[in-house]
>>> print(open('final21.tsv').read())   # TSV, C-alpha atoms
chain	number	residue	atom	x	y	z
A	121	GLU	CA	35.78	26.64	14.26
A	122	LEU	CA	37.21	24.76	17.24
A	123	TYR	CA	35.76	27.47	19.48
A	124	PHE	CA	32.37	27.01	17.81
A	125	ASP	CA	32.67	23.25	18.34
A	126	LYS	CA	33.19	23.75	22.08
A	127	LEU	CA	30.37	26.28	22.21
A	128	THR	CA	27.87	23.94	20.57
A	129	GLN	CA	28.84	21.15	22.98
A	130	LEU	CA	28.55	23.33	26.09
A	131	VAL	CA	25.00	24.49	25.41
A	132	SER	CA	22.28	21.91	25.97
A	133	VAL	CA	19.84	21.88	23.06
A	134	PRO	CA	16.41	20.28	22.70
A	135	VAL	CA	16.18	16.68	21.52
A	136	SER	CA	13.30	15.62	19.31
A	137	PRO	CA	11.73	12.24	20.15
A	138	ALA	CA	10.77	11.88	16.47
A	139	VAL	CA	14.21	10.62	15.36
A	140	VAL	CA	15.27	6.97	15.58
A	141	VAL	CA	18.45	5.48	14.13
A	142	VAL	CA	18.69	1.81	13.17
A	143	ASP	CA	22.34	0.80	13.09
A	144	ILE	CA	23.58	-2.19	11.10
A	145	ASP	CA	26.40	-2.54	13.59
A	146	ARG	CA	29.04	-5.14	14.40
A	147	LYS	CA	26.57	-6.94	16.64
A	148	SER	CA	24.22	-7.33	13.65
A	149	TYR	CA	27.04	-8.66	11.49
A	150	ALA	CA	28.08	-11.18	14.14
A	151	ALA	CA	24.52	-12.46	14.51
A	152	MET	CA	24.30	-13.50	10.85
A	153	PRO	CA	25.09	-17.16	10.00
A	154	ASP	CA	28.06	-16.26	7.79
A	155	GLN	CA	28.73	-13.00	9.67
A	156	ARG	CA	27.81	-10.98	6.62
A	157	TRP	CA	24.90	-8.60	6.25
A	158	GLN	CA	23.08	-9.32	3.00
A	159	ARG	CA	20.46	-7.40	1.03
A	160	ALA	CA	17.91	-10.00	2.12
A	161	ASN	CA	18.57	-8.99	5.72
A	162	THR	CA	17.94	-5.35	4.80
A	163	ALA	CA	14.64	-6.36	3.17
A	164	GLU	CA	13.55	-8.17	6.34
A	165	LEU	CA	14.63	-5.18	8.43
A	166	VAL	CA	12.55	-2.79	6.32
A	167	GLU	CA	9.54	-5.10	6.59
A	168	LYS	CA	9.81	-5.09	10.40
A	169	ILE	CA	10.10	-1.28	10.57
A	170	ALA	CA	7.33	-0.68	8.01
A	171	ALA	CA	4.95	-2.76	10.13
A	172	ASP	CA	5.05	0.02	12.76
A	173	SER	CA	3.88	2.68	10.24
A	174	PRO	CA	6.78	5.16	10.44
A	175	SER	CA	6.41	8.62	8.91
A	176	ILE	CA	9.49	8.12	6.72
A	177	ILE	CA	12.35	5.62	6.43
A	178	ALA	CA	15.53	7.42	5.32
A	179	PHE	CA	18.33	5.26	3.94
A	180	ASP	CA	21.96	6.20	4.40
A	181	LEU	CA	22.63	3.17	2.21
A	182	VAL	CA	22.85	3.18	-1.57
A	183	PHE	CA	21.69	0.04	-3.42
A	184	SER	CA	23.49	0.81	-6.67
A	185	THR	CA	24.86	-2.61	-7.59
A	186	ASP	CA	23.33	-6.02	-8.41
A	187	CYS	CA	20.25	-4.51	-10.03
A	188	GLU	CA	18.83	-7.67	-11.60
A	189	ALA	CA	15.06	-7.25	-11.80
A	190	THR	CA	14.58	-11.03	-11.70
A	191	SER	CA	16.36	-11.42	-8.36
A	192	GLU	CA	14.04	-12.66	-5.62
A	193	THR	CA	15.98	-10.67	-3.01
A	194	ASN	CA	15.74	-7.46	-5.02
A	195	ASN	CA	12.01	-7.91	-5.52
A	196	ARG	CA	11.53	-8.52	-1.82
A	197	LEU	CA	13.44	-5.34	-0.94
A	198	ALA	CA	11.55	-3.32	-3.55
A	199	THR	CA	8.24	-4.59	-2.16
A	200	ALA	CA	9.35	-3.73	1.38
A	201	LEU	CA	10.24	-0.18	0.29
A	202	GLY	CA	6.67	0.24	-0.87
A	203	HIS	CA	5.21	-0.77	2.49
A	204	ALA	CA	6.20	2.55	4.09
A	205	PRO	CA	7.32	5.96	2.76
A	206	SER	CA	10.97	5.46	1.83
A	207	LEU	CA	13.62	8.12	1.22
A	208	LEU	CA	16.65	6.91	-0.72
A	209	GLY	CA	19.99	8.64	-0.33
A	210	PHE	CA	22.50	9.09	-3.13
A	211	LEU	CA	26.25	9.71	-3.13
A	212	LEU	CA	28.48	12.11	-5.00
A	213	SER	CA	29.94	10.82	-8.26
A	214	ASP	CA	32.30	12.26	-10.84
A	215	LEU	CA	30.42	10.43	-13.60
A	216	GLU	CA	27.47	12.10	-15.27
A	217	GLY	CA	24.38	10.01	-15.60
A	218	LYS	CA	20.68	9.89	-14.85
A	219	SER	CA	19.46	12.08	-12.03
A	220	PRO	CA	18.06	10.30	-8.96
A	221	ARG	CA	14.36	9.67	-8.74
A	222	PRO	CA	11.87	10.52	-7.35
A	223	LEU	CA	12.59	14.27	-7.57
A	224	PRO	CA	11.44	16.14	-4.42
A	225	THR	CA	9.18	19.16	-4.88
A	226	LEU	CA	10.67	22.63	-4.46
A	227	ALA	CA	9.57	26.18	-5.25
A	228	ILE	CA	12.30	28.70	-6.08
A	229	ALA	CA	11.92	32.44	-5.63
A	230	ARG	CA	13.38	34.84	-8.18
A	231	SER	CA	15.57	36.37	-5.48
A	232	LEU	CA	17.62	33.17	-5.10
A	233	THR	CA	21.33	33.31	-5.80
A	234	VAL	CA	22.44	29.70	-6.24
A	235	PRO	CA	25.71	28.93	-4.39
A	236	ALA	CA	28.40	27.38	-6.55
A	237	LEU	CA	28.90	24.61	-3.99
A	238	TRP	CA	25.49	23.15	-4.83
A	239	PHE	CA	26.45	22.09	-8.35
A	240	VAL	CA	27.75	18.50	-8.40
A	241	PRO	CA	28.96	16.57	-11.45
A	242	GLY	CA	26.87	13.45	-10.89
A	243	ALA	CA	25.22	11.11	-8.43
A	244	GLU	CA	25.48	7.44	-7.54
A	245	ALA	CA	21.89	6.39	-6.91
A	246	SER	CA	20.08	3.15	-6.13
A	247	CYS	CA	18.78	0.76	-8.77
A	248	ASP	CA	15.76	1.90	-10.80
A	249	MET	CA	13.51	-0.79	-9.30
A	250	PHE	CA	14.14	0.61	-5.83
A	251	GLN	CA	13.74	4.24	-6.90
A	252	GLN	CA	10.33	3.40	-8.35
A	253	LYS	CA	9.13	2.26	-4.91
A	254	ALA	CA	10.55	5.25	-2.98
A	255	VAL	CA	8.69	8.49	-2.33
A	256	SER	CA	11.72	10.80	-2.52
A	257	SER	CA	15.49	11.16	-2.89
A	258	GLY	CA	18.07	13.08	-0.85
A	259	ALA	CA	21.80	13.75	-0.88
A	260	ALA	CA	23.56	11.48	1.62
A	261	PHE	CA	27.17	12.53	0.99
A	262	LEU	CA	29.05	14.64	3.55
A	263	ILE	CA	31.90	17.08	2.93
A	264	GLY	CA	34.22	17.90	5.83
A	265	ASP	CA	36.16	21.08	6.54
A	266	GLU	CA	39.92	21.43	6.07
A	267	ASP	CA	40.48	19.43	9.26
A	268	SER	CA	38.09	16.72	7.94
A	269	ARG	CA	35.54	17.48	10.67
A	270	VAL	CA	31.94	17.65	9.45
A	271	ARG	CA	30.25	20.74	10.86
A	272	ARG	CA	27.75	21.60	8.15
A	273	ILE	CA	25.81	19.95	5.33
A	274	GLN	CA	25.02	21.63	2.05
A	275	ALA	CA	21.27	22.12	2.04
A	276	PHE	CA	20.79	21.27	-1.64
A	277	SER	CA	22.69	19.56	-4.43
A	278	ILE	CA	22.01	20.25	-8.09
A	279	VAL	CA	22.47	17.23	-10.33
A	280	GLY	CA	22.13	18.29	-13.95
A	281	SER	CA	19.57	21.03	-13.49
A	282	GLU	CA	17.52	19.41	-10.74
A	283	PRO	CA	17.83	20.34	-7.04
A	284	TYR	CA	17.85	17.70	-4.31
A	285	PRO	CA	17.74	18.44	-0.56
A	286	ALA	CA	20.04	16.91	2.01
A	287	LEU	CA	18.85	13.58	3.40
A	288	GLY	CA	18.05	14.95	6.87
A	289	LEU	CA	16.28	17.99	5.44
A	290	GLU	CA	14.08	15.95	3.13
A	291	ALA	CA	13.26	13.54	5.97
A	292	VAL	CA	11.90	16.42	8.05
A	293	ARG	CA	9.86	17.71	5.10
A	294	ARG	CA	8.25	14.32	4.67
A	295	TYR	CA	7.70	14.01	8.43
A	296	TYR	CA	5.80	17.32	8.52
A	297	ASP	CA	4.09	16.47	5.22
A	298	ILE	CA	5.07	19.84	3.76
A	299	LYS	CA	3.99	19.84	0.14
A	300	THR	CA	6.34	22.44	-1.34
A	301	PRO	CA	9.19	24.19	0.50
A	302	LEU	CA	10.32	27.60	-0.77
A	303	LEU	CA	13.94	28.54	-1.46
A	304	GLY	CA	15.15	32.06	-2.17
A	305	GLY	CA	17.30	35.01	-1.13
A	306	THR	CA	20.92	36.15	-1.15
A	307	PRO	CA	22.32	34.54	0.96
A	308	PRO	CA	19.80	31.73	0.63
A	309	TRP	CA	16.96	31.07	3.02
A	310	LEU	CA	14.57	28.13	3.16
A	311	LYS	CA	10.89	28.31	4.11
A	312	LEU	CA	9.83	24.95	5.49
A	313	GLY	CA	6.21	25.14	6.47
A	314	ARG	CA	5.89	28.14	8.80
A	315	GLU	CA	9.57	28.20	9.70
A	316	ILE	CA	12.25	30.11	7.80
A	317	PHE	CA	15.85	28.92	8.09
A	318	SER	CA	18.77	31.13	7.10
A	319	LEU	CA	21.53	29.34	5.23
A	320	ALA	CA	25.21	30.29	5.13
A	321	GLU	CA	26.72	32.14	2.19
A	322	ASP	CA	27.79	28.83	0.65
A	323	GLY	CA	24.29	27.39	1.06
A	324	SER	CA	25.12	25.05	3.92
A	325	MET	CA	23.26	24.32	7.14
A	326	ARG	CA	25.10	23.74	10.38
A	327	PHE	CA	23.90	21.15	12.86
A	328	VAL	CA	24.41	20.53	16.56
A	329	ALA	CA	26.54	17.40	16.88
A	330	SER	CA	25.04	15.03	19.43
A	331	ARG	CA	27.13	13.73	22.30
A	332	PRO	CA	27.81	9.97	22.36
A	333	GLU	CA	25.24	9.33	25.09
A	334	ALA	CA	22.55	11.16	23.08
A	335	MET	CA	23.36	9.08	19.99
A	336	ARG	CA	23.12	5.86	22.00
A	337	SER	CA	19.73	6.81	23.41
A	338	ARG	CA	18.14	7.17	19.95
A	339	THR	CA	19.88	4.19	18.33
A	340	VAL	CA	18.84	0.56	18.14
A	341	SER	CA	20.75	-2.36	16.64
A	342	ALA	CA	19.39	-3.80	13.41
A	343	VAL	CA	19.59	-7.34	14.75
A	344	ASP	CA	17.47	-6.35	17.77
A	345	VAL	CA	14.80	-5.14	15.35
A	346	LEU	CA	14.95	-8.43	13.44
A	347	GLN	CA	14.67	-10.40	16.67
A	348	SER	CA	11.84	-8.16	18.00
A	349	LYS	CA	13.90	-7.04	21.00
A	350	VAL	CA	12.87	-3.38	20.69
A	351	PRO	CA	9.79	-1.75	22.28
A	352	SER	CA	6.57	-2.22	20.36
A	353	ARG	CA	5.48	0.69	18.16
A	354	LEU	CA	8.94	2.20	18.54
A	355	PHE	CA	8.95	3.45	14.94
A	356	GLU	CA	5.34	4.62	14.76
A	357	GLU	CA	5.11	8.10	13.16
A	358	LYS	CA	8.87	8.58	13.52
A	359	ILE	CA	11.73	9.46	11.20
A	360	VAL	CA	13.75	6.25	10.97
A	361	PHE	CA	17.30	6.51	9.64
A	362	ILE	CA	18.87	3.25	8.50
A	363	GLY	CA	22.65	3.14	8.17
A	364	SER	CA	25.74	1.49	9.54
A	365	SER	CA	28.53	2.32	11.96
A	366	LEU	CA	30.81	-0.15	10.18
A	367	PRO	CA	33.38	1.30	7.77
A	368	ASN	CA	32.54	-1.19	5.01
A	369	LEU	CA	28.83	-0.28	4.98
A	370	GLY	CA	28.72	3.34	6.06
A	371	GLY	CA	31.02	6.31	6.40
A	372	LEU	CA	32.72	7.09	9.70
A	373	ARG	CA	33.32	10.80	10.02
A	374	GLU	CA	34.52	13.21	12.70
A	375	SER	CA	32.13	15.72	14.24
A	376	ALA	CA	32.22	18.06	17.21
A	377	GLY	CA	30.59	15.34	19.30
A	378	ALA	CA	33.03	12.47	18.69
A	379	GLN	CA	36.03	11.47	16.61
A	380	LEU	CA	34.33	8.60	14.76
A	381	VAL	CA	30.64	9.06	14.04
A	382	ALA	CA	28.50	7.11	11.61
A	383	SER	CA	27.29	9.34	8.79
A	384	THR	CA	23.75	8.22	9.64
A	385	GLN	CA	24.06	9.95	13.01
A	386	ILE	CA	25.13	13.18	11.32
A	387	HIS	CA	22.05	13.12	9.09
A	388	ALA	CA	19.98	12.48	12.22
A	389	ASP	CA	21.66	15.47	13.91
A	390	LEU	CA	20.64	17.76	11.05
A	391	ALA	CA	17.07	16.46	11.24
A	392	ASN	CA	17.02	17.03	15.00
A	393	SER	CA	18.31	20.60	14.61
A	394	ILE	CA	15.56	21.39	12.10
A	395	LEU	CA	12.83	19.66	14.14
A	396	THR	CA	13.78	21.61	17.27
A	397	ASN	CA	14.26	24.83	15.26
A	398	PHE	CA	17.79	25.26	16.62
A	399	VAL	CA	20.10	25.47	13.60
A	400	PRO	CA	23.42	27.20	14.39
A	401	LEU	CA	24.19	30.11	12.07
A	402	ARG	CA	27.51	31.79	11.35
A	403	ASP	CA	26.77	34.74	9.06
A	404	ASP	CA	29.52	36.65	7.26
A	405	GLY	CA	27.89	39.88	8.46
A	406	PHE	CA	28.87	39.00	12.04
A	407	ILE	CA	32.53	39.75	11.18
A	408	ASN	CA	31.94	43.49	10.76
A	409	LEU	CA	30.01	43.64	14.03
A	410	GLU	CA	32.77	41.76	15.86
A	411	ALA	CA	35.41	44.05	14.37
A	412	GLY	CA	33.45	47.13	15.46
A	413	TYR	CA	33.02	45.73	18.96
A	414	THR	CA	36.75	44.92	19.17
A	415	PHE	CA	37.69	48.43	18.06
A	416	PHE	CA	35.32	50.16	20.49
A	417	ILE	CA	36.18	48.02	23.53
A	418	GLY	CA	39.88	48.17	22.59
A	419	LEU	CA	39.74	51.97	22.85
A	420	ILE	CA	38.18	51.68	26.30
A	421	ILE	CA	40.91	49.28	27.43
A	422	ALA	CA	43.60	51.64	26.07
A	423	LEU	CA	41.99	54.51	27.99
A	424	LEU	CA	41.95	52.43	31.19
A	425	THR	CA	45.73	51.91	30.96
A	426	VAL	CA	46.18	55.69	30.99
A	427	ARG	CA	43.75	56.52	33.80
A	428	PHE	CA	44.17	53.63	36.25
A	429	ARG	CA	46.88	51.62	37.95
A	430	PRO	CA	48.20	48.45	36.28
A	431	TRP	CA	46.44	46.01	38.57
A	432	GLU	CA	43.16	47.90	38.14
A	433	THR	CA	43.56	47.85	34.37
A	434	LEU	CA	44.34	44.13	34.45
A	435	ALA	CA	41.26	43.39	36.54
A	436	ALA	CA	39.07	45.51	34.27
A	437	GLY	CA	40.51	43.88	31.13
A	438	ILE	CA	39.96	40.37	32.47
A	439	GLY	CA	36.41	41.36	33.42
A	440	ILE	CA	35.72	42.71	29.92
A	441	ILE	CA	37.09	39.51	28.35
A	442	GLY	CA	34.92	37.42	30.68
A	443	VAL	CA	31.84	39.44	29.74
A	444	THR	CA	32.68	38.99	26.04
A	445	ILE	CA	32.89	35.20	26.36
A	446	ALA	CA	29.70	35.12	28.44
A	447	ALA	CA	27.91	37.25	25.84
A	448	SER	CA	29.02	34.90	23.04
A	449	TYR	CA	27.68	31.94	25.03
A	450	THR	CA	24.38	33.67	25.80
A	451	ILE	CA	23.81	34.80	22.21
A	452	TYR	CA	24.28	31.24	20.96
A	453	ALA	CA	22.10	29.71	23.68
A	454	ARG	CA	19.26	32.14	22.95
A	455	THR	CA	19.41	32.47	19.16
A	456	GLY	CA	21.78	29.83	17.75
A	457	TRP	CA	24.04	32.58	16.33
A	458	LEU	CA	27.73	31.76	16.45
A	459	THR	CA	29.75	34.82	17.39
A	460	ASP	CA	33.54	34.58	17.46
A	461	GLY	CA	34.24	35.26	21.12
A	462	PHE	CA	37.64	33.57	20.80
A	463	THR	CA	39.23	35.91	18.24
A	464	VAL	CA	37.67	38.96	19.88
A	465	THR	CA	39.08	38.11	23.31
A	466	VAL	CA	42.55	37.38	21.84
A	467	MET	CA	42.54	40.79	20.16
A	468	LEU	CA	41.37	42.55	23.33
A	469	ALA	CA	44.10	40.81	25.35
A	470	LEU	CA	46.64	41.94	22.74
A	471	VAL	CA	45.38	45.52	22.96
A	472	MET	CA	45.64	45.42	26.76
A	473	ILE	CA	49.24	44.12	26.66
A	474	VAL	CA	50.43	46.58	24.02
A	475	ALA	CA	48.71	49.55	25.67
A	476	ALA	CA	50.05	48.60	29.12
A	477	PHE	CA	53.68	48.33	27.91
A	478	SER	CA	53.32	51.55	25.91
>>> encode(input="final21.tsv", output="structure tokens")
Amino acid sequence: ELYFDKLTQLVSVPVSPAVVVVDIDRKSYAAMPDQRWQRANTAELVEKIAADSPSIIAFDLVFSTDCEATSETNNRLATALGHAPSLLGFLLSDLEGKSPRPLPTLAIARSLTVPALWFVPGAEASCDMFQQKAVSSGAAFLIGDEDSRVRRIQAFSIVGSEPYPALGLEAVRRYYDIKTPLLGGTPPWLKLGREIFSLAEDGSMRFVASRPEAMRSRTVSAVDVLQSKVPSRLFEEKIVFIGSSLPNLGGLRESAGAQLVASTQIHADLANSILTNFVPLRDDGFINLEAGYTFFIGLIIALLTVRFRPWETLAAGIGIIGVTIAASYTIYARTGWLTDGFTVTVMLALVMIVAAFS
């Protein structure tokens, strides 16, 4: 996985101009009179963004507390959510309860084998008054690998018996105005408009983690939006993600691009990968092909140690290893397929050492 991380960072991938991130950052906190960001500030922020007619506003924030329907602030935020298409994220919960609303549309083919990872016990969603004003819901939680680094996002989450797409995936669907995506296959695949995306065996989608400079270029501070310090019509017909890079408002996670990344940026990375049609794929079927390649090339290296002098064998072996790494790079750059050039080259080097000493 560390090899794949380096590979995804080495290859330059397309960047969609349709993604904008609004960060409720430390600068926004400091600009408030009491240095606290309140729900009223979020309502004003949404009003400002909605005035530019964005395609969708995706929230990496969950408004699950203080749900009084008589609150003036709550009513203002609910009204603001209705001014533009709003996508509310929900978090993972171990408590069963009502499923989030609205439920996104999805068609399921009979060939689908549902991955076990998709089933979740419950969801922490926003207040009912906010859900009633939204146009859709999406899963905003992220699950890291064993080293806590987030490299993939499960494409769907099933709460009760109802499937919900990932926040970034649903944002792209709303951006393209795709009425009904189609899900099927073993392993799963997703038909989104005219494009078909292959999912991993566990039903996850990888994303290309943006470098820090790329994240900065698509991000604006929430306080700059409130103070009208951003370019006019910046959000027009764009996917606007609203979240926070502060630990007390959003989740800071590790990705291949940086050690501490706001979860909002990771959702934006998934959306960018789908928009540019460059979603990295590591298929379990690649393992057999890599093993066959290692066996075949290993035999050639063993034969070289018998027929040629040591320095000639060494030069040939290093050349073969270099070609293997270059091929892994080229395959990813052209197709997005992640082939394990690291393990293959280690095995070939081992074969060369053992054969040479033998």
>>> closest_residue(input="final21.tsv", among="A:Leu212, A:Leu401, A:Met152, A:Ile177", to="Arg272 in chain A", atoms="only C-alpha atoms")
A:Leu401
>>> atom_distance(input="final21.tsv", atom1="CA of Met249 in chain A", atom2="CA of Ala178 in chain A")
16.9 Å
>>> atom_distance(input="final21.tsv", atom1="CA of Trp157 in chain A", atom2="CA of Ser257 in chain A")
23.7 Å
>>> closest_residue(input="final21.tsv", among="A:Arg429, A:Arg326, A:Pro367, A:Met467", to="Val399 in chain A", atoms="all atoms listed in the file")
A:Arg326
>>> atom_distance(input="final21.tsv", atom1="CA of Gly405 in chain A", atom2="CA of Thr465 in chain A")
18.7 Å
>>> closest_residue(input="final21.tsv", among="A:Leu419, A:Val343, A:Ile298, A:Leu434", to="Gln155 in chain A", atoms="all atoms listed in the file")
A:Val343
>>> residues_near_point(input="final21.tsv", point="(9.7, 1.8, -5.2)", cutoff="8 Å", atoms="only C-alpha atoms", output="PyMOL selection string")
chain A and resi 198-199+201-202+249-255
>>> closest_residue(input="final21.tsv", among="A:Leu289, A:Val142, A:Ala260, A:Leu458", to="Glu121 in chain A", atoms="only C-alpha atoms")
A:Leu458
>>> closest_residue(input="final21.tsv", among="A:Leu470, A:Val443, A:Val270, A:Leu390", to="Leu122 in chain A", atoms="only C-alpha atoms")
A:Val270
>>> closest_residue(input="final21.tsv", among="A:Tyr149, A:Phe416, A:Phe210, A:Trp457", to="Pro222 in chain A", atoms="all atoms listed in the file")
A:Phe210
